[in-house]
$ cat run-v1.cif   # mmCIF, N, CA and C atoms
data_query
loop_
_atom_site.label_atom_id
_atom_site.label_comp_id
_atom_site.auth_asym_id
_atom_site.auth_seq_id
_atom_site.Cartn_x
_atom_site.Cartn_y
_atom_site.Cartn_z
N MET C 1 38.56 22.24 -21.67
CA MET C 1 38.02 21.62 -20.49
C MET C 1 39.15 21.25 -19.53
N ALA C 2 39.06 21.79 -18.33
CA ALA C 2 40.08 21.50 -17.31
C ALA C 2 39.73 20.22 -16.57
N LYS C 3 40.65 19.28 -16.60
CA LYS C 3 40.45 18.02 -15.88
C LYS C 3 41.17 18.08 -14.54
N VAL C 4 40.58 17.44 -13.55
CA VAL C 4 41.21 17.31 -12.25
C VAL C 4 42.28 16.23 -12.36
N VAL C 5 43.46 16.52 -11.86
CA VAL C 5 44.55 15.56 -11.84
C VAL C 5 44.71 15.10 -10.39
N PHE C 6 44.70 13.80 -10.20
CA PHE C 6 44.78 13.24 -8.85
C PHE C 6 46.21 13.22 -8.36
N ASP C 7 46.42 13.72 -7.13
CA ASP C 7 47.74 13.73 -6.51
C ASP C 7 47.66 12.91 -5.22
N PRO C 8 48.17 11.66 -5.23
CA PRO C 8 48.07 10.80 -4.05
C PRO C 8 48.71 11.39 -2.79
N ALA C 9 49.82 12.11 -2.95
CA ALA C 9 50.49 12.70 -1.78
C ALA C 9 49.60 13.75 -1.13
N HIS C 10 48.96 14.59 -1.94
CA HIS C 10 48.05 15.61 -1.41
C HIS C 10 46.84 14.95 -0.76
N PHE C 11 46.31 13.91 -1.39
CA PHE C 11 45.17 13.19 -0.82
C PHE C 11 45.52 12.64 0.56
N LYS C 12 46.72 12.07 0.70
CA LYS C 12 47.14 11.49 1.98
C LYS C 12 47.34 12.56 3.05
N GLU C 13 47.66 13.80 2.64
CA GLU C 13 47.74 14.90 3.60
C GLU C 13 46.35 15.26 4.12
N ILE C 14 45.38 15.25 3.23
CA ILE C 14 44.00 15.60 3.61
C ILE C 14 43.38 14.46 4.42
N TYR C 15 43.63 13.24 4.02
CA TYR C 15 43.07 12.06 4.68
C TYR C 15 44.21 11.16 5.18
N PRO C 16 44.85 11.53 6.29
CA PRO C 16 46.01 10.75 6.77
C PRO C 16 45.66 9.32 7.19
N GLN C 17 44.39 9.04 7.43
CA GLN C 17 44.01 7.67 7.81
C GLN C 17 44.24 6.68 6.67
N PHE C 18 44.42 7.19 5.44
CA PHE C 18 44.67 6.31 4.30
C PHE C 18 46.13 6.37 3.83
N ALA C 19 47.01 6.87 4.69
CA ALA C 19 48.43 6.98 4.34
C ALA C 19 49.08 5.62 4.09
N GLY C 20 48.52 4.56 4.67
CA GLY C 20 49.07 3.22 4.48
C GLY C 20 48.72 2.61 3.14
N MET C 21 47.83 3.22 2.40
CA MET C 21 47.46 2.68 1.08
C MET C 21 48.48 3.13 0.05
N SER C 22 48.71 2.30 -0.91
CA SER C 22 49.69 2.64 -1.95
C SER C 22 49.11 3.68 -2.91
N ASP C 23 50.00 4.40 -3.56
CA ASP C 23 49.57 5.38 -4.56
C ASP C 23 48.80 4.69 -5.68
N THR C 24 49.23 3.48 -6.03
CA THR C 24 48.56 2.73 -7.10
C THR C 24 47.11 2.43 -6.74
N GLN C 25 46.88 2.01 -5.48
CA GLN C 25 45.50 1.76 -5.04
C GLN C 25 44.66 3.03 -5.13
N LEU C 26 45.20 4.13 -4.61
CA LEU C 26 44.44 5.38 -4.60
C LEU C 26 44.18 5.88 -6.02
N GLU C 27 45.17 5.76 -6.90
CA GLU C 27 44.97 6.17 -8.29
C GLU C 27 43.91 5.30 -8.96
N TRP C 28 43.87 4.02 -8.59
CA TRP C 28 42.84 3.13 -9.13
C TRP C 28 41.45 3.56 -8.66
N PHE C 29 41.34 3.93 -7.38
CA PHE C 29 40.06 4.43 -6.85
C PHE C 29 39.64 5.71 -7.57
N PHE C 30 40.63 6.56 -7.90
CA PHE C 30 40.32 7.78 -8.64
C PHE C 30 39.77 7.44 -10.03
N LYS C 31 40.41 6.49 -10.69
CA LYS C 31 39.93 6.07 -12.03
C LYS C 31 38.50 5.54 -11.94
N LYS C 32 38.21 4.75 -10.90
CA LYS C 32 36.85 4.25 -10.71
C LYS C 32 35.88 5.40 -10.44
N SER C 33 36.36 6.43 -9.74
CA SER C 33 35.52 7.59 -9.43
C SER C 33 35.13 8.38 -10.68
N GLU C 34 35.98 8.31 -11.69
CA GLU C 34 35.67 9.02 -12.93
C GLU C 34 34.48 8.41 -13.66
N PHE C 35 34.10 7.19 -13.32
CA PHE C 35 32.88 6.60 -13.87
C PHE C 35 31.64 7.18 -13.20
N ILE C 36 31.82 7.68 -11.99
CA ILE C 36 30.69 8.25 -11.24
C ILE C 36 30.54 9.74 -11.51
N LEU C 37 31.66 10.45 -11.51
CA LEU C 37 31.66 11.90 -11.69
C LEU C 37 32.48 12.25 -12.93
N GLU C 38 31.86 12.92 -13.86
CA GLU C 38 32.54 13.29 -15.11
C GLU C 38 33.67 14.28 -14.81
N ASN C 39 34.84 13.99 -15.32
CA ASN C 39 36.02 14.83 -15.07
C ASN C 39 36.17 15.90 -16.14
N SER C 40 35.19 16.76 -16.20
CA SER C 40 35.23 17.92 -17.11
C SER C 40 34.40 19.03 -16.48
N ASP C 41 34.48 20.19 -17.08
CA ASP C 41 33.73 21.31 -16.53
C ASP C 41 32.30 21.40 -17.09
N CYS C 42 31.80 20.31 -17.63
CA CYS C 42 30.43 20.31 -18.15
C CYS C 42 29.40 20.36 -17.02
N LYS C 43 29.60 19.58 -15.97
CA LYS C 43 28.64 19.52 -14.85
C LYS C 43 29.09 20.42 -13.71
N ILE C 44 30.22 20.10 -13.10
CA ILE C 44 30.74 20.91 -12.00
C ILE C 44 31.86 21.77 -12.58
N LYS C 45 31.57 23.04 -12.75
CA LYS C 45 32.50 23.94 -13.44
C LYS C 45 33.71 24.30 -12.58
N ASP C 46 33.51 24.46 -11.28
CA ASP C 46 34.60 24.86 -10.39
C ASP C 46 35.53 23.67 -10.15
N GLU C 47 36.78 23.84 -10.52
CA GLU C 47 37.75 22.74 -10.43
C GLU C 47 38.02 22.33 -8.98
N THR C 48 38.04 23.28 -8.06
CA THR C 48 38.26 22.95 -6.65
C THR C 48 37.10 22.13 -6.10
N GLU C 49 35.89 22.51 -6.44
CA GLU C 49 34.72 21.75 -6.00
C GLU C 49 34.75 20.32 -6.55
N ARG C 50 35.15 20.20 -7.81
CA ARG C 50 35.26 18.87 -8.41
C ARG C 50 36.35 18.05 -7.71
N LEU C 51 37.48 18.68 -7.37
CA LEU C 51 38.56 17.99 -6.66
C LEU C 51 38.08 17.49 -5.30
N ILE C 52 37.34 18.33 -4.58
CA ILE C 52 36.81 17.92 -3.27
C ILE C 52 35.90 16.71 -3.44
N ASN C 53 35.05 16.72 -4.43
CA ASN C 53 34.15 15.59 -4.67
C ASN C 53 34.92 14.33 -5.06
N TYR C 54 35.97 14.49 -5.85
CA TYR C 54 36.79 13.33 -6.20
C TYR C 54 37.50 12.76 -4.97
N TYR C 55 38.01 13.63 -4.12
CA TYR C 55 38.67 13.16 -2.90
C TYR C 55 37.68 12.40 -2.02
N LEU C 56 36.44 12.89 -1.93
CA LEU C 56 35.43 12.19 -1.14
C LEU C 56 35.14 10.81 -1.74
N LEU C 57 35.08 10.73 -3.06
CA LEU C 57 34.84 9.43 -3.71
C LEU C 57 36.01 8.48 -3.48
N VAL C 58 37.23 8.98 -3.61
CA VAL C 58 38.41 8.13 -3.38
C VAL C 58 38.43 7.68 -1.93
N ALA C 59 38.11 8.57 -1.00
CA ALA C 59 38.07 8.20 0.42
C ALA C 59 36.97 7.16 0.67
N HIS C 60 35.86 7.28 -0.04
CA HIS C 60 34.77 6.30 0.08
C HIS C 60 35.26 4.92 -0.36
N TYR C 61 35.88 4.86 -1.52
CA TYR C 61 36.43 3.58 -2.01
C TYR C 61 37.50 3.05 -1.05
N ALA C 62 38.37 3.94 -0.56
CA ALA C 62 39.45 3.52 0.34
C ALA C 62 38.87 2.98 1.65
N GLU C 63 37.84 3.61 2.18
CA GLU C 63 37.21 3.13 3.42
C GLU C 63 36.55 1.78 3.20
N LEU C 64 35.87 1.61 2.08
CA LEU C 64 35.28 0.31 1.78
C LEU C 64 36.36 -0.77 1.68
N GLN C 65 37.48 -0.44 1.05
CA GLN C 65 38.58 -1.39 0.93
C GLN C 65 39.17 -1.72 2.30
N THR C 66 39.31 -0.71 3.15
CA THR C 66 39.83 -0.90 4.50
C THR C 66 38.92 -1.85 5.29
N GLN C 67 37.62 -1.66 5.15
CA GLN C 67 36.67 -2.53 5.85
C GLN C 67 36.80 -3.98 5.36
N ILE C 68 36.95 -4.16 4.06
CA ILE C 68 37.09 -5.51 3.51
C ILE C 68 38.38 -6.15 4.01
N GLN C 69 39.47 -5.39 4.01
CA GLN C 69 40.76 -5.93 4.46
C GLN C 69 40.75 -6.29 5.94
N SER C 70 39.90 -5.61 6.72
CA SER C 70 39.83 -5.92 8.15
C SER C 70 38.87 -7.07 8.44
N GLY C 71 38.31 -7.67 7.39
CA GLY C 71 37.43 -8.82 7.57
C GLY C 71 35.96 -8.49 7.57
N ASN C 72 35.61 -7.24 7.38
CA ASN C 72 34.21 -6.85 7.35
C ASN C 72 33.76 -6.72 5.90
N SER C 73 33.11 -7.75 5.41
CA SER C 73 32.61 -7.68 4.04
C SER C 73 31.11 -7.46 4.01
N ALA C 74 30.54 -7.09 5.16
CA ALA C 74 29.10 -6.82 5.23
C ALA C 74 28.77 -5.55 4.47
N VAL C 75 27.62 -5.55 3.83
CA VAL C 75 27.20 -4.38 3.07
C VAL C 75 26.06 -3.71 3.82
N GLY C 76 26.20 -2.44 4.08
CA GLY C 76 25.17 -1.68 4.79
C GLY C 76 25.70 -1.12 6.09
N ARG C 77 24.83 -0.37 6.77
CA ARG C 77 25.18 0.23 8.05
C ARG C 77 24.62 -0.62 9.17
N ILE C 78 25.32 -0.65 10.28
CA ILE C 78 24.83 -1.39 11.44
C ILE C 78 23.64 -0.63 12.02
N SER C 79 22.48 -1.29 12.07
CA SER C 79 21.30 -0.64 12.61
C SER C 79 21.07 -1.02 14.07
N SER C 80 21.53 -2.20 14.49
CA SER C 80 21.45 -2.59 15.90
C SER C 80 22.47 -3.67 16.17
N ALA C 81 22.88 -3.75 17.44
CA ALA C 81 23.86 -4.75 17.85
C ALA C 81 23.60 -5.13 19.30
N THR C 82 23.82 -6.38 19.62
CA THR C 82 23.74 -6.86 20.99
C THR C 82 25.05 -7.55 21.33
N GLU C 83 25.32 -7.68 22.60
CA GLU C 83 26.59 -8.29 22.99
C GLU C 83 26.43 -9.75 23.40
N GLY C 84 25.44 -10.05 24.22
CA GLY C 84 25.22 -11.43 24.64
C GLY C 84 24.74 -12.27 23.48
N SER C 85 25.43 -13.33 23.15
CA SER C 85 25.17 -14.19 22.00
C SER C 85 25.34 -13.46 20.68
N VAL C 86 26.02 -12.38 20.67
CA VAL C 86 26.43 -11.59 19.50
C VAL C 86 25.38 -11.55 18.39
N SER C 87 24.77 -10.43 18.21
CA SER C 87 23.78 -10.23 17.16
C SER C 87 23.99 -8.86 16.52
N VAL C 88 24.03 -8.83 15.22
CA VAL C 88 24.22 -7.58 14.49
C VAL C 88 23.18 -7.52 13.38
N SER C 89 22.52 -6.38 13.27
CA SER C 89 21.56 -6.17 12.18
C SER C 89 22.10 -5.08 11.27
N LEU C 90 22.04 -5.36 9.98
CA LEU C 90 22.50 -4.39 8.99
C LEU C 90 21.32 -3.76 8.29
N ASP C 91 21.47 -2.49 7.96
CA ASP C 91 20.42 -1.75 7.27
C ASP C 91 20.95 -1.34 5.90
N TYR C 92 20.31 -1.81 4.88
CA TYR C 92 20.65 -1.43 3.51
C TYR C 92 19.34 -1.04 2.84
N PRO C 93 18.84 0.16 3.19
CA PRO C 93 17.50 0.53 2.75
C PRO C 93 17.41 0.77 1.26
N THR C 94 16.24 0.52 0.74
CA THR C 94 15.99 0.86 -0.66
C THR C 94 15.43 2.28 -0.69
N SER C 95 15.71 2.96 -1.74
CA SER C 95 15.21 4.33 -1.87
C SER C 95 14.89 4.60 -3.32
N ALA C 96 14.18 5.68 -3.53
CA ALA C 96 13.83 6.07 -4.89
C ALA C 96 15.10 6.38 -5.68
N VAL C 97 16.09 6.88 -5.00
CA VAL C 97 17.36 7.18 -5.64
C VAL C 97 18.25 5.97 -5.45
N GLY C 98 18.47 5.20 -6.50
CA GLY C 98 19.13 3.91 -6.39
C GLY C 98 20.52 3.91 -5.82
N ARG C 99 21.33 4.91 -6.11
CA ARG C 99 22.73 4.86 -5.68
C ARG C 99 22.95 5.39 -4.27
N GLU C 100 21.98 6.06 -3.72
CA GLU C 100 22.17 6.69 -2.41
C GLU C 100 22.61 5.70 -1.35
N LYS C 101 22.02 4.51 -1.35
CA LYS C 101 22.35 3.52 -0.32
C LYS C 101 23.81 3.07 -0.41
N TRP C 102 24.37 3.02 -1.61
CA TRP C 102 25.78 2.64 -1.75
C TRP C 102 26.68 3.72 -1.16
N PHE C 103 26.35 4.97 -1.41
CA PHE C 103 27.16 6.08 -0.88
C PHE C 103 27.05 6.19 0.63
N ASN C 104 25.91 5.85 1.19
CA ASN C 104 25.70 6.01 2.63
C ASN C 104 26.40 4.94 3.47
N GLN C 105 27.18 4.09 2.88
CA GLN C 105 27.93 3.09 3.64
C GLN C 105 29.12 3.68 4.39
N THR C 106 29.59 4.85 3.95
CA THR C 106 30.71 5.51 4.64
C THR C 106 30.36 6.98 4.83
N PRO C 107 31.00 7.64 5.79
CA PRO C 107 30.78 9.08 5.96
C PRO C 107 31.21 9.88 4.74
N TYR C 108 32.25 9.40 4.04
CA TYR C 108 32.75 10.11 2.86
C TYR C 108 31.74 10.04 1.72
N GLY C 109 31.16 8.88 1.52
CA GLY C 109 30.14 8.72 0.49
C GLY C 109 28.90 9.53 0.79
N ALA C 110 28.51 9.55 2.07
CA ALA C 110 27.33 10.33 2.46
C ALA C 110 27.57 11.82 2.23
N GLU C 111 28.78 12.28 2.53
CA GLU C 111 29.11 13.69 2.29
C GLU C 111 29.13 14.00 0.79
N TYR C 112 29.69 13.09 -0.01
CA TYR C 112 29.67 13.28 -1.46
C TYR C 112 28.22 13.39 -1.95
N TRP C 113 27.37 12.50 -1.46
CA TRP C 113 25.97 12.49 -1.90
C TRP C 113 25.30 13.83 -1.57
N MET C 114 25.59 14.34 -0.38
CA MET C 114 25.01 15.61 0.05
C MET C 114 25.55 16.78 -0.79
N MET C 115 26.85 16.75 -1.05
CA MET C 115 27.46 17.87 -1.78
C MET C 115 27.06 17.91 -3.25
N THR C 116 26.70 16.78 -3.81
CA THR C 116 26.31 16.76 -5.22
C THR C 116 24.80 16.83 -5.42
N ALA C 117 24.05 17.03 -4.36
CA ALA C 117 22.58 17.11 -4.47
C ALA C 117 22.11 18.17 -5.48
N PRO C 118 22.73 19.35 -5.53
CA PRO C 118 22.27 20.35 -6.50
C PRO C 118 22.40 19.90 -7.96
N TYR C 119 23.25 18.94 -8.21
CA TYR C 119 23.48 18.48 -9.59
C TYR C 119 22.55 17.33 -9.98
N ARG C 120 21.73 16.88 -9.04
CA ARG C 120 20.78 15.80 -9.33
C ARG C 120 19.36 16.31 -9.43
N THR C 121 19.17 17.57 -9.66
CA THR C 121 17.83 18.13 -9.79
C THR C 121 17.52 18.33 -11.27
N GLY C 122 16.26 18.37 -11.58
CA GLY C 122 15.85 18.59 -12.96
C GLY C 122 14.89 19.76 -13.03
N LEU C 123 14.75 20.31 -14.20
CA LEU C 123 13.84 21.42 -14.42
C LEU C 123 12.82 20.99 -15.46
N TYR C 124 11.56 21.07 -15.09
CA TYR C 124 10.47 20.68 -15.98
C TYR C 124 9.66 21.93 -16.28
N VAL C 125 9.61 22.31 -17.54
CA VAL C 125 8.92 23.52 -17.93
C VAL C 125 7.66 23.16 -18.70
N VAL C 126 6.54 23.68 -18.24
CA VAL C 126 5.26 23.47 -18.92
C VAL C 126 4.90 24.76 -19.63
N THR C 127 4.56 24.64 -20.88
CA THR C 127 4.16 25.84 -21.63
C THR C 127 2.77 25.64 -22.21
N ASN C 128 2.18 26.71 -22.62
CA ASN C 128 0.85 26.68 -23.22
C ASN C 128 0.99 27.18 -24.66
N VAL C 129 1.59 26.38 -25.49
CA VAL C 129 1.79 26.74 -26.89
C VAL C 129 0.91 25.82 -27.72
N ALA C 130 0.12 26.44 -28.57
CA ALA C 130 -0.79 25.67 -29.41
C ALA C 130 0.00 24.83 -30.41
N MET C 131 -0.48 23.62 -30.65
CA MET C 131 0.15 22.75 -31.62
C MET C 131 -0.43 23.07 -33.00
N PRO C 132 0.40 23.32 -33.99
CA PRO C 132 -0.14 23.64 -35.32
C PRO C 132 -0.83 22.42 -35.94
N VAL C 133 -2.07 22.62 -36.34
CA VAL C 133 -2.85 21.53 -36.93
C VAL C 133 -3.42 22.04 -38.25
N ASP C 134 -3.22 21.26 -39.30
CA ASP C 134 -3.78 21.61 -40.61
C ASP C 134 -5.22 21.11 -40.67
N ARG C 135 -6.17 22.05 -40.62
CA ARG C 135 -7.58 21.68 -40.61
C ARG C 135 -8.24 21.87 -41.99
N SER C 136 -7.45 22.15 -42.99
CA SER C 136 -8.03 22.42 -44.31
C SER C 136 -8.62 21.17 -44.95
N ARG C 137 -8.22 20.00 -44.56
CA ARG C 137 -8.74 18.76 -45.15
C ARG C 137 -10.06 18.33 -44.53
N TYR C 138 -10.42 18.92 -43.41
CA TYR C 138 -11.63 18.49 -42.72
C TYR C 138 -12.69 19.59 -42.80
N PRO C 139 -13.93 19.19 -42.94
CA PRO C 139 -14.99 20.22 -43.00
C PRO C 139 -15.14 20.92 -41.66
N GLN C 140 -15.37 22.21 -41.75
CA GLN C 140 -15.54 23.00 -40.53
C GLN C 140 -16.99 22.93 -40.07
N PRO C 141 -17.22 22.80 -38.76
CA PRO C 141 -18.60 22.75 -38.26
C PRO C 141 -19.27 24.12 -38.44
N ARG C 142 -20.60 24.11 -38.63
CA ARG C 142 -21.34 25.37 -38.84
C ARG C 142 -22.02 25.80 -37.61
#
$ encode --input "run-v1.cif" --output "structure tokens"
Amino acid sequence: MAKVVFDPAHFKEIYPQFAGMSDTQLEWFFKKSEFILENSDCKIKDETERLINYYLLVAHYAELQTQIQSGNSAVGRISSATEGSVSVSLDYPTSAVGREKWFNQTPYGAEYWMMTAPYRTGLYVVTNVAMPVDRSRYPQPR
């Protein structure tokens, strides 16, 4: 099983807006991402595709951290804002898919959610196979 190895320098080349974050922070976000996405070829077989998804997750965590550090600890997306007497409404919708709202807080999380959609589908197969029943103990109707 090929595991994706996180390279902070490469990540910072792809996402230069996070160049100010330390390698330790980014590596920590990668470790947290491994709880969300399994780092093996069991689910996502293509290593490059898995790397892209990990980078999106790390960018999601990094963006959330950036927002917190800038004083914005609000959870959700801004749904409306006014200027006079300052009013902000946040939208944190509930959905059938519980984690979707957490990912939709940043563009990176929303992209991750979209890219992993094929892996969240299930296949339900209905068959018409008779169940074996031992009827020898019961009298047969005439």
$ resolve_selection --input "run-v1.cif" --expression "the PyMOL selection byres (((chain C and resi 36-49 and name CA) around 9) and name CA)" --output "ChimeraX atom specification"
/C:1-4,32-35,50-54,57,119
$ atom_distance --input "run-v1.cif" --atom1 "CA of Leu26 (chain C)" --atom2 "CA of Tyr55 (chain C)"
9.8 Å
$ select_by_dssp --input "run-v1.cif" --residues "region 18-112 of chain C" --states "alpha helix (DSSP H)" --output "PyMOL selection string"
chain C and resi 23-33+47-69+100-103+107-112
$ residues_around --input "run-v1.cif" --residues "region 106-112 of chain C" --least-positions-apart "2" --cutoff "9 Å" --atoms "only C-alpha atoms" --output "ChimeraX atom specification"
/C:52-61,63-64,77,100-104,114-117
$ atom_distance --input "run-v1.cif" --atom1 "atom N of Ala9 (chain C)" --atom2 "CA of Phe30 (chain C)"
11.9 Å
$ select_by_dssp --input "run-v1.cif" --residues "region 1-126 of chain C" --states "strand (DSSP E)" --output "number ranges by chain"
C: 77-82, 87-91
$ atom_distance --input "run-v1.cif" --atom1 "CA of Phe6 (chain C)" --atom2 "CA of Gly20 (chain C)"
17.2 Å
$ residues_around --input "run-v1.cif" --residues "Asp23 (chain C)" --least-positions-apart "6" --cutoff "8 Å" --atoms "only N, CA and C atoms" --output "PDB file with N, CA and C atoms, in the frame of the given file"
ATOM      1  N   ASP C   7      46.420  13.720  -7.130  1.00  0.00           N
ATOM      2  CA  ASP C   7      47.740  13.730  -6.510  1.00  0.00           C
ATOM      3  C   ASP C   7      47.660  12.910  -5.220  1.00  0.00           C
ATOM      4  N   PRO C   8      48.170  11.660  -5.230  1.00  0.00           N
ATOM      5  CA  PRO C   8      48.070  10.800  -4.050  1.00  0.00           C
ATOM      6  C   PRO C   8      48.710  11.390  -2.790  1.00  0.00           C
ATOM      7  N   ALA C   9      49.820  12.110  -2.950  1.00  0.00           N
ATOM      8  CA  ALA C   9      50.490  12.700  -1.780  1.00  0.00           C
ATOM      9  C   ALA C   9      49.600  13.750  -1.130  1.00  0.00           C
ATOM     10  N   PHE C  29      41.340   3.930  -7.380  1.00  0.00           N
ATOM     11  CA  PHE C  29      40.060   4.430  -6.850  1.00  0.00           C
ATOM     12  C   PHE C  29      39.640   5.710  -7.570  1.00  0.00           C
TER      13      PHE C  29
END
$ closest_residue --input "run-v1.cif" --among "C:Gln105, C:Thr127, C:Ala62, C:Gly122" --to "Ser22 (chain C)" --atoms "only C-alpha atoms"
C:Ala62
